[in-house]
Structure formats: structure tokens, C-alpha cells
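What follows is run-v6.csv (CSV, C-alpha atoms).
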```
chain,number,residue,atom,x,y,z
A,536,MET,CA,5.1,11.6,25.0
A,537,THR,CA,6.0,13.8,22.0
A,538,ASP,CA,5.7,17.5,21.8
A,539,LYS,CA,2.9,17.1,19.3
A,540,GLN,CA,0.8,15.3,21.9
A,541,ASN,CA,1.2,18.1,24.3
A,542,LYS,CA,-0.5,20.4,21.8
A,543,SER,CA,-4.2,20.9,22.0
A,544,ILE,CA,-6.0,19.0,19.3
A,545,ALA,CA,-7.4,22.3,18.1
A,546,GLU,CA,-3.9,23.3,17.1
A,547,THR,CA,-3.8,20.5,14.6
A,548,ASP,CA,-7.2,21.4,13.1
A,549,ILE,CA,-7.6,21.6,9.3
A,550,ASP,CA,-9.1,24.6,7.5
A,551,PHE,CA,-11.1,22.7,4.9
A,552,GLU,CA,-11.5,25.7,2.6
A,553,ILE,CA,-7.7,26.1,2.4
A,554,LEU,CA,-7.2,22.3,2.1
A,555,THR,CA,-9.5,22.0,-0.8
A,556,ARG,CA,-8.0,24.9,-2.6
A,557,VAL,CA,-4.4,23.8,-2.0
A,558,VAL,CA,-5.1,20.2,-3.0
A,559,ASP,CA,-6.7,21.4,-6.2
A,560,GLU,CA,-3.8,23.7,-7.0
A,561,HIS,CA,-1.3,21.0,-6.1
A,562,ALA,CA,-3.1,18.5,-8.3
A,563,ALA,CA,-2.9,20.8,-11.3
A,564,GLU,CA,0.8,21.6,-10.6
A,565,ARG,CA,1.9,18.1,-10.0
A,566,GLY,CA,-0.4,16.2,-12.3
A,567,VAL,CA,-2.3,14.4,-9.5
A,568,PRO,CA,-5.4,12.9,-11.2
A,569,SER,CA,-8.8,14.0,-10.0
A,570,HIS,CA,-11.5,11.4,-10.3
A,571,VAL,CA,-14.0,14.1,-9.4
A,572,LEU,CA,-14.8,17.1,-11.6
A,573,PRO,CA,-14.5,20.2,-9.5
A,574,ALA,CA,-17.6,22.4,-9.5
A,575,LYS,CA,-17.1,25.1,-12.2
A,576,HIS,CA,-18.1,28.0,-10.0
A,577,THR,CA,-16.0,27.1,-6.9
A,578,SER,CA,-12.7,26.0,-8.3
A,579,PRO,CA,-10.5,27.6,-10.9
A,580,VAL,CA,-8.7,24.3,-11.5
A,581,LYS,CA,-9.8,21.9,-14.1
A,582,ALA,CA,-9.8,18.2,-13.5
A,583,VAL,CA,-6.6,16.6,-14.5
A,584,GLU,CA,-6.7,13.6,-16.7
A,585,ALA,CA,-5.2,10.4,-15.4
A,586,PRO,CA,-1.8,9.7,-16.9
A,587,ARG,CA,-2.1,7.7,-20.1
A,588,GLN,CA,-1.6,4.1,-19.7
A,589,ARG,CA,1.8,3.0,-21.0
A,590,LYS,CA,1.8,1.1,-24.3
A,591,PRO,CA,2.0,-2.6,-23.8
A,592,SER,CA,5.5,-4.0,-24.3
A,593,THR,CA,6.4,-5.0,-27.8
A,594,LEU,CA,8.8,-7.6,-26.6
A,595,LYS,CA,8.3,-11.0,-28.1
A,596,VAL,CA,6.5,-13.4,-25.8
A,597,VAL,CA,8.9,-16.2,-25.0
A,598,GLU,CA,7.8,-19.6,-23.9
A,599,PRO,CA,9.1,-20.6,-20.5
A,600,GLU,CA,12.4,-22.5,-20.9
A,601,ALA,CA,12.7,-26.0,-19.7
A,602,PRO,CA,14.6,-26.6,-16.4
A,603,LEU,CA,18.4,-26.9,-17.0
A,604,ARG,CA,20.7,-29.7,-15.9
A,605,LYS,CA,24.5,-29.6,-16.2
A,606,LEU,CA,26.3,-32.1,-18.4
A,607,THR,CA,30.1,-32.1,-18.4
A,608,LEU,CA,31.8,-33.4,-21.6
A,609,GLU,CA,35.4,-33.8,-22.5
A,610,LEU,CA,36.0,-33.1,-26.2
A,611,PRO,CA,39.1,-32.8,-28.2
A,612,GLU,CA,40.4,-29.3,-27.9
A,613,TYR,CA,40.2,-28.7,-31.7
A,614,VAL,CA,36.5,-29.6,-31.7
A,615,ILE,CA,35.8,-27.0,-29.0
A,616,ASP,CA,37.8,-24.5,-31.1
A,617,LEU,CA,35.7,-25.3,-34.1
A,618,LEU,CA,32.5,-25.1,-32.1
A,619,VAL,CA,33.4,-21.6,-30.8
A,620,GLU,CA,34.4,-20.5,-34.3
A,621,VAL,CA,31.1,-21.7,-35.9
A,622,ALA,CA,29.2,-19.9,-33.1
A,623,ARG,CA,31.1,-16.7,-33.7
A,624,LYS,CA,30.4,-16.7,-37.4
A,625,GLN,CA,26.6,-17.0,-36.8
A,626,LYS,CA,24.5,-13.9,-37.7
A,627,PRO,CA,23.5,-12.8,-35.2
A,628,ARG,CA,26.4,-14.1,-33.2
A,629,ALA,CA,25.4,-17.1,-31.2
A,630,THR,CA,26.8,-19.2,-28.3
A,631,ALA,CA,28.5,-22.6,-28.5
A,632,ARG,CA,25.5,-24.0,-26.6
A,633,TYR,CA,23.2,-22.8,-29.4
A,634,VAL,CA,25.4,-24.5,-32.1
A,635,VAL,CA,25.3,-27.8,-30.1
A,636,LEU,CA,21.5,-27.6,-29.6
A,637,ALA,CA,20.9,-26.7,-33.3
A,638,ALA,CA,23.0,-29.6,-34.4
A,639,LEU,CA,21.2,-32.0,-32.1
A,640,ARG,CA,17.9,-30.8,-33.5
A,641,LYS,CA,19.1,-31.4,-37.0
A,642,TYR,CA,20.1,-34.9,-35.8
A,643,GLY,CA,16.5,-35.4,-35.0
A,644,LEU,CA,16.2,-34.6,-31.3
A,645,ASP,CA,12.9,-32.9,-30.4
A,646,ILE,CA,14.3,-29.6,-28.9
A,647,LYS,CA,11.9,-26.8,-28.4
A,648,GLU,CA,12.5,-23.4,-30.0
A,649,ALA,CA,12.4,-21.6,-26.6
A,650,ASP,CA,15.4,-23.7,-25.5
A,651,ILE,CA,17.7,-22.8,-28.4
A,652,THR,CA,18.0,-19.0,-28.0
A,653,PRO,CA,21.0,-17.9,-30.1
A,654,ASP,CA,22.3,-15.8,-27.2
A,655,ARG,CA,20.7,-16.4,-23.8
A,656,ARG,CA,22.5,-13.3,-22.4
A,657,ARG,CA,20.4,-11.1,-24.7
A,658,SER,CA,17.2,-13.1,-24.7
A,659,ALA,CA,15.6,-11.0,-21.9
B,1473,MET,CA,-21.7,24.2,14.8
B,1474,ASP,CA,-19.4,23.6,17.8
B,1475,LYS,CA,-15.9,23.9,16.4
B,1476,THR,CA,-14.3,21.9,19.2
B,1477,ARG,CA,-12.9,18.7,17.6
B,1478,LYS,CA,-13.5,15.6,19.6
B,1479,CYS,CA,-12.1,13.0,17.2
B,1480,ARG,CA,-8.7,11.9,16.0
B,1481,LEU,CA,-8.4,11.3,12.3
B,1482,ILE,CA,-6.4,8.4,10.9
B,1483,ALA,CA,-6.2,7.7,7.2
B,1484,PHE,CA,-5.3,4.3,5.7
B,1485,ALA,CA,-4.0,5.4,2.3
B,1486,SER,CA,-1.8,4.2,-0.5
B,1487,PRO,CA,-1.9,5.0,-4.2
B,1488,LYS,CA,-1.7,1.2,-4.7
B,1489,GLY,CA,-4.5,-1.2,-4.3
B,1490,GLY,CA,-4.2,-4.6,-2.6
B,1491,VAL,CA,-1.8,-3.5,0.1
B,1492,GLY,CA,-4.0,-4.3,3.1
B,1493,LYS,CA,-5.7,-0.9,3.7
B,1494,SER,CA,-9.2,-2.3,4.4
B,1495,THR,CA,-7.9,-5.2,6.4
B,1496,SER,CA,-5.6,-3.2,8.6
B,1497,CYS,CA,-8.3,-0.4,9.0
B,1498,LEU,CA,-10.9,-2.8,10.2
B,1499,ALA,CA,-8.4,-4.7,12.5
B,1500,VAL,CA,-7.3,-1.4,14.1
B,1501,ALA,CA,-11.0,-0.3,14.3
B,1502,GLY,CA,-11.8,-3.5,16.1
B,1503,ALA,CA,-8.9,-3.0,18.6
B,1504,LEU,CA,-10.0,0.6,19.3
B,1505,ALA,CA,-13.7,-0.4,19.7
B,1506,HIS,CA,-12.9,-3.3,21.9
B,1507,ALA,CA,-11.0,-1.0,24.2
B,1508,GLY,CA,-14.3,1.0,24.6
B,1509,ASN,CA,-13.7,3.8,22.0
B,1510,LYS,CA,-16.2,5.1,19.6
B,1511,VAL,CA,-15.0,4.5,16.0
B,1512,THR,CA,-16.4,5.8,12.7
B,1513,ILE,CA,-15.0,4.6,9.5
B,1514,LEU,CA,-15.4,6.5,6.2
B,1515,ASP,CA,-15.2,3.8,3.5
B,1516,LEU,CA,-14.0,5.3,0.2
B,1517,ASP,CA,-12.8,2.0,-1.2
B,1518,LEU,CA,-14.3,1.3,-4.5
B,1519,ASN,CA,-15.1,-2.2,-3.3
B,1520,ARG,CA,-16.8,-0.8,-0.1
B,1521,SER,CA,-15.4,-3.8,1.8
B,1522,ILE,CA,-15.9,-2.3,5.2
B,1523,GLU,CA,-19.3,-1.0,4.5
B,1524,GLY,CA,-20.2,-4.5,3.3
B,1525,TRP,CA,-18.8,-5.9,6.5
B,1526,ARG,CA,-21.0,-3.6,8.5
B,1527,VAL,CA,-24.1,-4.6,6.6
B,1528,ARG,CA,-23.4,-8.3,6.8
B,1529,PHE,CA,-22.4,-8.4,10.4
B,1530,PRO,CA,-24.4,-5.7,12.2
B,1531,LYS,CA,-24.1,-7.3,15.6
B,1532,VAL,CA,-20.3,-7.4,15.7
B,1533,ALA,CA,-18.6,-4.4,17.4
B,1534,PRO,CA,-21.7,-2.2,17.2
B,1535,SER,CA,-19.7,0.8,18.3
B,1536,ILE,CA,-18.0,0.8,14.9
B,1537,ARG,CA,-20.1,3.0,12.6
B,1538,VAL,CA,-19.3,2.8,8.9
B,1539,ILE,CA,-20.2,5.4,6.3
B,1540,GLY,CA,-19.7,4.6,2.6
B,1541,LEU,CA,-18.9,7.7,0.6
B,1542,THR,CA,-18.2,8.5,-3.0
B,1543,GLU,CA,-15.2,10.6,-3.8
B,1544,ASP,CA,-17.3,13.7,-4.6
B,1545,GLU,CA,-19.1,13.4,-1.2
B,1546,PHE,CA,-15.9,12.9,0.8
B,1547,LEU,CA,-14.6,16.4,1.6
B,1548,ALA,CA,-18.0,17.8,2.5
B,1549,ALA,CA,-18.7,14.8,4.7
B,1550,LEU,CA,-15.3,15.0,6.4
B,1551,LYS,CA,-15.7,18.7,7.0
B,1552,GLU,CA,-19.0,18.0,8.9
B,1553,LEU,CA,-17.9,14.9,10.7
B,1554,TYR,CA,-14.6,16.5,11.8
B,1555,TYR,CA,-16.4,18.5,14.5
B,1556,THR,CA,-19.3,16.2,15.3
B,1557,VAL,CA,-17.8,12.7,15.6
B,1558,GLU,CA,-16.3,11.6,18.9
B,1559,GLY,CA,-13.6,9.1,19.4
B,1560,TYR,CA,-11.7,7.9,16.3
B,1561,LEU,CA,-12.5,8.8,12.7
B,1562,LEU,CA,-10.8,6.3,10.3
B,1563,ILE,CA,-10.7,6.7,6.6
B,1564,ASP,CA,-10.2,3.7,4.3
B,1565,VAL,CA,-9.1,5.5,1.1
B,1566,ALA,CA,-9.4,4.0,-2.3
B,1567,GLY,CA,-6.2,2.5,-3.7
B,1568,ALA,CA,-5.5,5.2,-6.3
B,1569,PHE,CA,-3.3,8.2,-6.7
B,1570,SER,CA,-5.9,11.0,-6.7
B,1571,THR,CA,-6.8,14.3,-5.1
B,1572,VAL,CA,-9.0,12.5,-2.6
B,1573,THR,CA,-6.1,10.3,-1.5
B,1574,THR,CA,-3.8,13.3,-1.1
B,1575,ALA,CA,-6.5,15.3,0.6
B,1576,ALA,CA,-7.4,12.6,3.1
B,1577,ALA,CA,-3.7,11.8,3.8
B,1578,THR,CA,-2.9,15.5,4.3
B,1579,ALA,CA,-5.9,16.2,6.6
B,1580,ALA,CA,-5.3,13.2,8.8
B,1581,ASP,CA,-3.5,13.4,12.2
B,1582,LEU,CA,-1.8,10.2,11.1
B,1583,THR,CA,-1.7,8.6,7.7
B,1584,ILE,CA,-0.9,4.8,7.6
B,1585,SER,CA,0.3,3.3,4.4
B,1586,PRO,CA,0.1,-0.5,4.6
B,1587,ALA,CA,2.6,-2.4,2.5
B,1588,LYS,CA,3.4,-6.0,1.9
B,1589,ALA,CA,6.9,-7.2,1.4
B,1590,SER,CA,6.8,-5.8,-2.1
B,1591,ALA,CA,9.0,-3.1,-3.6
B,1592,LEU,CA,6.0,-1.7,-5.5
B,1593,ASP,CA,4.0,-1.2,-2.3
B,1594,VAL,CA,6.8,0.7,-0.7
B,1595,ILE,CA,7.5,2.8,-3.9
B,1596,GLU,CA,3.9,3.9,-4.0
B,1597,ALA,CA,3.9,4.8,-0.3
B,1598,ARG,CA,6.9,6.9,-0.8
B,1599,LYS,CA,5.2,8.6,-3.7
B,1600,LEU,CA,2.3,9.5,-1.5
B,1601,ASN,CA,4.8,10.6,1.2
B,1602,ASN,CA,6.4,13.1,-1.2
B,1603,GLU,CA,3.1,14.6,-2.2
B,1604,ILE,CA,1.6,15.0,1.2
B,1605,ARG,CA,4.8,16.5,2.6
B,1606,LEU,CA,4.6,19.2,-0.2
B,1607,LEU,CA,0.9,19.8,0.7
B,1608,GLY,CA,1.7,19.9,4.4
B,1609,ASP,CA,4.2,22.6,3.8
B,1610,LYS,CA,1.7,24.6,1.8
B,1611,ILE,CA,-0.9,24.5,4.5
B,1612,ASN,CA,1.7,24.7,7.3
B,1613,LYS,CA,0.6,21.3,8.8
B,1614,PRO,CA,3.1,18.8,10.1
B,1615,ILE,CA,2.6,15.4,8.3
B,1616,LYS,CA,2.7,12.1,10.2
B,1617,HIS,CA,2.9,9.3,7.7
B,1618,ARG,CA,3.9,5.8,8.7
B,1619,LEU,CA,4.5,2.6,6.7
B,1620,LEU,CA,2.8,-0.5,8.1
B,1621,LEU,CA,4.3,-3.7,6.9
B,1622,ASN,CA,1.7,-6.4,6.9
B,1623,GLU,CA,1.1,-9.9,5.7
B,1624,LEU,CA,4.7,-10.8,6.4
B,1625,SER,CA,5.7,-14.4,6.2
B,1626,GLY,CA,6.5,-16.1,9.5
B,1627,ILE,CA,9.3,-18.1,7.9
B,1628,TRP,CA,11.2,-14.9,7.0
B,1629,PRO,CA,12.2,-15.9,3.4
B,1630,SER,CA,15.3,-14.2,2.1
B,1631,TYR,CA,13.4,-11.9,-0.3
B,1632,GLN,CA,11.4,-10.6,2.7
B,1633,ARG,CA,14.6,-9.9,4.7
B,1634,ALA,CA,16.2,-8.2,1.8
B,1635,MET,CA,13.0,-6.1,1.3
B,1636,LEU,CA,13.0,-5.0,4.9
B,1637,ALA,CA,16.6,-4.0,4.7
B,1638,GLN,CA,15.7,-1.7,1.8
B,1639,VAL,CA,12.5,-0.2,3.3
B,1640,GLY,CA,14.5,1.9,5.8
B,1641,LYS,CA,16.1,3.7,2.9
B,1642,ALA,CA,12.7,4.6,1.3
B,1643,GLY,CA,12.4,7.6,3.6
B,1644,VAL,CA,9.0,6.8,5.0
B,1645,PRO,CA,9.0,6.2,8.7
B,1646,MET,CA,7.8,2.8,9.6
B,1647,PHE,CA,5.9,1.3,12.6
B,1648,LYS,CA,8.1,-1.0,14.6
B,1649,THR,CA,5.2,-3.5,14.7
B,1650,PHE,CA,4.6,-5.6,11.7
B,1651,LEU,CA,1.4,-7.5,11.1
B,1652,MET,CA,2.3,-11.1,10.1
B,1653,GLN,CA,0.3,-13.2,7.7
B,1654,ARG,CA,-2.2,-14.7,10.1
B,1655,ALA,CA,-5.6,-16.5,9.7
B,1656,PRO,CA,-7.5,-14.0,11.9
B,1657,PHE,CA,-6.7,-11.2,9.5
B,1658,ALA,CA,-7.6,-13.2,6.5
B,1659,GLU,CA,-10.8,-14.4,8.0
B,1660,MET,CA,-12.1,-11.0,9.1
B,1661,PHE,CA,-14.4,-10.4,6.1
B,1662,LEU,CA,-15.5,-14.0,6.1
B,1663,THR,CA,-16.4,-14.5,9.8
B,1664,GLY,CA,-17.1,-10.8,10.4
B,1665,LEU,CA,-14.9,-10.9,13.4
B,1666,PRO,CA,-11.9,-8.5,13.8
B,1667,PRO,CA,-9.2,-10.3,15.8
B,1668,HIS,CA,-10.3,-8.6,19.1
B,1669,TYR,CA,-13.8,-10.1,18.6
B,1670,ALA,CA,-12.6,-13.6,17.5
B,1671,ASP,CA,-12.2,-16.7,19.6
B,1672,THR,CA,-9.3,-16.1,21.9
B,1673,ALA,CA,-9.0,-19.8,22.6
B,1674,ARG,CA,-7.2,-20.0,19.3
B,1675,GLU,CA,-3.5,-19.2,19.5
B,1676,PRO,CA,-3.4,-17.4,16.1
B,1677,VAL,CA,-6.1,-15.0,17.4
B,1678,ARG,CA,-4.1,-14.3,20.6
B,1679,ASN,CA,-1.0,-13.6,18.5
B,1680,ALA,CA,-2.9,-11.3,16.1
B,1681,ILE,CA,-4.4,-9.4,19.1
B,1682,GLU,CA,-0.9,-9.1,20.7
B,1683,GLN,CA,0.5,-7.6,17.5
B,1684,LEU,CA,-2.5,-5.3,17.1
B,1685,ASP,CA,-2.2,-4.0,20.6
B,1686,GLU,CA,1.4,-3.2,20.0
B,1687,LEU,CA,0.5,-1.4,16.8
B,1688,VAL,CA,-2.4,0.6,18.4
B,1689,ALA,CA,0.0,1.7,21.2
B,1690,GLU,CA,2.3,3.0,18.5
B,1691,ILE,CA,-0.6,4.7,16.7
B,1692,LEU,CA,-1.9,6.4,19.8
B,1693,ALA,CA,1.6,7.7,20.6
B,1694,GLU,CA,1.5,9.6,17.3
B,1695,LEU,CA,-1.9,11.2,17.8
B,1696,PRO,CA,-2.6,14.6,19.4
B,1697,ALA,CA,-4.2,14.4,22.8
B,1698,ILE,CA,-7.9,15.0,22.9
B,1699,GLN,CA,-8.7,18.1,24.9
B,1700,GLN,CA,-11.6,17.8,27.3
B,1701,PRO,CA,-14.3,20.5,26.9
B,1702,ALA,CA,-13.8,23.3,29.4
B,1703,GLN,CA,-17.0,22.5,31.5
B,1704,GLU,CA,-16.0,18.9,31.8
B,1705,ALA,CA,-12.5,19.6,32.8
B,1706,ALA,CA,-13.5,22.1,35.5
```
As C-alpha cells, what does this structure read like?
Amino acid sequence: MTDKQNKSIAETDIDFEILTRVVDEHAAERGVPSHVLPAKHTSPVKAVEAPRQRKPSTLKVVEPEAPLRKLTLELPEYVIDLLVEVARKQKPRATARYVVLAALRKYGLDIKEADITPDRRRSA
Amino acid sequence: MDKTRKCRLIAFASPKGGVGKSTSCLAVAGALAHAGNKVTILDLDLNRSIEGWRVRFPKVAPSIRVIGLTEDEFLAALKELYYTVEGYLLIDVAGAFSTVTTAAATAADLTISPAKASALDVIEARKLNNEIRLLGDKINKPIKHRLLLNELSGIWPSYQRAMLAQVGKAGVPMFKTFLMQRAPFAEMFLTGLPPHYADTAREPVRNAIEQLDELVAEILAELPAIQQPAQEAA
């Protein structure tokens, strides 16, 4: 049994006049919104407006990407170097993966836009 | 008016909606009523779920009285009921951060903030905790605020385990008892039966009752003792 339980319940009673006043003052001080307009003649505190809703994000809505599967290829070293070089020269800078997917799309493969992000690390 | 308080006040409050306030409030009310206590619930929820329950199922747990209130009626009603109601006075506060939420949570002998295994639920409970501690200091009242984790998954997925590991750091004391995701809790507003009034031949009902009994024991340990009127004590 805690010390609190040994106290009379009366010792934990609330003075509602004080509670109302303190809650109103606290609301004004801390910006706690009041859904109820306090009566003009009883409370010196005006109702506080609810915080304005944040503006919706302006981030572009991106289609969900298709599930990924790994493909391991062995290519001549100079081809990989060329691939990296082409990716680096893209504006904005892109990944080698992007160059490969863009080339495959030019080749005629039906690759969705959402799956050829220039730099997936910055797509979020 | 006799200014001897005969009730213990418990608020189910969180600035966030959908955390399980009405469900846990009615489940706890059912447990208290089943044990022979008088229970009054003040329903401030905008959906008035508990008041609707009382209207639809008047024969279930008749010792639970429900009073639906608007926010502007709340403090005046509480002031009156505080000294007239016997047993347990439970408040199901609307899921919004407002002066009514802070007032109810500050006035209560114990404020319970239900939370699911969601960071947002815990963050909002912590926000309420900060505010009512400030208010408690201003009116020189110790605040008892406890987080009640509910609707937890029985398969303990990794996100839930990670979440629980973080909850302790949020600074809001937590009940040791969790309410798991169980059919008897989900069914309450459909069948009208809080777990203690449901069919105990069903194992999920027995499990829900067991958890609720553990929770109620924890709740009662946090509440001040009711003082018997002098003439009865003599």
C-alpha cells in the first residue's frame, strides 16, 4: 500500500474554482486549444484557437516501385567504368542502375517511370 | 451539499483518438461493476460510444450508469457529481488536446492513457503527461498518470518488441499489465458484453478477464482509499 492510499480521500479533493481558473490560464500560456468559449463574465482568458493545420506536403507523389530482384552480371571492366562515367555526367547526377534502366527502355523494354529514379538515395 | 467525497475518479484520456480509450474504459467499468461496485461513466467522446452502448444494451451491467456530456457541460457536471456519486466515476475524454482533456486528467485520482504499439500514441500520451504535471504543480496536486498498452499482438512482432523497449524511455509510467488484441474487447460494442459479462466458456473471454483483473488490481493500488462516513465507521 502506498503513502497516497493512506491519505484520506478528502486530502486529494479538487477545488473546482481553482482548477477552472488554472486550466484556463495554462491554456492561454501554453497554447492549449479550448473547444469551448469561456463565459465572458467569469473568465479573463479568451479561447485559444486550435493550432493551424500544417500545409500539405509539396513532395511529388511517387508511384509505388515494383518489387526488386537481384541480378548478378559479369561485364568487362571497361564497360563498367564507362557506365559509371556516363552516370556521373548525368545532370542531375544519376546512378549506374539508372543508366542501365534508361538504356533498356530505349531498347524497347516497358519500364515504368517510378522504377527509373535517377538517384534512389534521394528519391524519398 | 455534503462535501464528503464517496467516489474515486479515473480519467481515460489521450490527446490522440483511436488509442482504445472507450474500449478500455468500458472493459474496466465492466470489471468494477461485476465485482459489485457502482460505476458512473461520463462520456465526453464525440462519438458517444459508451452512451450508445448503454442505450442499446440497457440490461447489461445495470449498475453502470452513463452520462453523455458536451465539453461545455463537463466541469459543472463533474463538480456536482464529485460529491454525490458513490463508487467509481470514470471519464471517457474525447481524443483531442484541449482544455477539457487537461482539466479531466488533472482532476482525476488516476489518469489512464491507452496506447497501441504505435510511437504516435506514446508521443501524445507524453505530451499530455507534460501538461498535467505542470497543472498539478500549479494546484499543488500530485498527478498519477499511467500508460496502458492495449491491442498488442500475441505473436509479438519485432516492431512491437522494439516499441515496448522505447516506451520506458518516454517518461510516462506504465501499467505492468498489457491488454492483448482479443476478440472479447473487439466485440464489446457489438454484443454489448464487457468481458466480465461475456460467455466464460470461451477461452478468449477467460483470458481477457484474467488480464482485466490484473489491470484493475493495479488501478486500485493507485487510488486513494475511500473514507467511510464517521457515523458508519463508529
Practice prompt. Choose the residue, out of B:Ile1615, B:Cys1479, B:Ala1673, B:Leu1621, that has the smallest atom-to-atom separation from B:Tyr1554; count only C-alpha atoms.
Written response: B:Cys1479
Worksheet item: When you draw a straight line from atom CA of A:Leu606 to atom CA of A:Val619, how long is it in Å?
Response: 17.7 Å
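Going from atom CA of B:Pro1667 over to atom CA of B:Leu1619, you cover 20.9 Å.
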Each residue of chain B with at least one atom at most 6 Å from chain A should appear once, together with its nearest atom pair and the corresponding distance in Å (one decimal); atoms considered: all atoms listed in the file; ordering: chain, then increasing residue number; output as CSV.
```
residue,atom,partner,partner_atom,distance
B:Asp1544,CA,A:Val571,CA,5.8
B:Ser1570,CA,A:Pro568,CA,4.9
B:Thr1571,CA,A:Ser569,CA,5.3
B:Pro1696,CA,A:Gln540,CA,4.3
B:Ala1697,CA,A:Gln540,CA,5.2
B:Ile1698,CA,A:Ile544,CA,5.7
```
Discussion item. Report as an MDAnalysis selection string all protein, DNA and RNA residues lying within 8 Å of B:Leu1498, evaluated on only C-alpha atoms, omitting residues in the same chain fewer than 3 positions from it.
Written reply: chainID B and resid 1494:1495 1501:1502 1522 1666
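Put simply, atom CA of B:Cys1497 is 14.8 Å away from atom CA of B:Lys1588.
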For stretch 1641-1649 of chain B, work out the shell of residues within 10 Å, counting all atoms listed in the file and skipping chain neighbours fewer than 4 positions away, then give it as a PDB file with C-alpha atoms, in the coordinates of the input.
```pdb
ATOM      1  CA  ILE B1584      -0.900   4.800   7.600  1.00  0.00           C
ATOM      2  CA  SER B1585       0.300   3.300   4.400  1.00  0.00           C
ATOM      3  CA  PRO B1586       0.100  -0.500   4.600  1.00  0.00           C
ATOM      4  CA  ALA B1591       9.000  -3.100  -3.600  1.00  0.00           C
ATOM      5  CA  VAL B1594       6.800   0.700  -0.700  1.00  0.00           C
ATOM      6  CA  ILE B1595       7.500   2.800  -3.900  1.00  0.00           C
ATOM      7  CA  ALA B1597       3.900   4.800  -0.300  1.00  0.00           C
ATOM      8  CA  ARG B1598       6.900   6.900  -0.800  1.00  0.00           C
ATOM      9  CA  LYS B1599       5.200   8.600  -3.700  1.00  0.00           C
ATOM     10  CA  LEU B1600       2.300   9.500  -1.500  1.00  0.00           C
ATOM     11  CA  ASN B1601       4.800  10.600   1.200  1.00  0.00           C
ATOM     12  CA  ASN B1602       6.400  13.100  -1.200  1.00  0.00           C
ATOM     13  CA  LYS B1616       2.700  12.100  10.200  1.00  0.00           C
ATOM     14  CA  HIS B1617       2.900   9.300   7.700  1.00  0.00           C
ATOM     15  CA  ARG B1618       3.900   5.800   8.700  1.00  0.00           C
ATOM     16  CA  LEU B1619       4.500   2.600   6.700  1.00  0.00           C
ATOM     17  CA  LEU B1620       2.800  -0.500   8.100  1.00  0.00           C
ATOM     18  CA  LEU B1621       4.300  -3.700   6.900  1.00  0.00           C
ATOM     19  CA  ASN B1622       1.700  -6.400   6.900  1.00  0.00           C
ATOM     20  CA  LEU B1636      13.000  -5.000   4.900  1.00  0.00           C
ATOM     21  CA  ALA B1637      16.600  -4.000   4.700  1.00  0.00           C
ATOM     22  CA  GLN B1683       0.500  -7.600  17.500  1.00  0.00           C
ATOM     23  CA  LEU B1684      -2.500  -5.300  17.100  1.00  0.00           C
ATOM     24  CA  ASP B1685      -2.200  -4.000  20.600  1.00  0.00           C
ATOM     25  CA  GLU B1686       1.400  -3.200  20.000  1.00  0.00           C
ATOM     26  CA  LEU B1687       0.500  -1.400  16.800  1.00  0.00           C
ATOM     27  CA  VAL B1688      -2.400   0.600  18.400  1.00  0.00           C
ATOM     28  CA  ALA B1689       0.000   1.700  21.200  1.00  0.00           C
ATOM     29  CA  GLU B1690       2.300   3.000  18.500  1.00  0.00           C
ATOM     30  CA  ILE B1691      -0.600   4.700  16.700  1.00  0.00           C
TER      31      ILE B1691
END
```
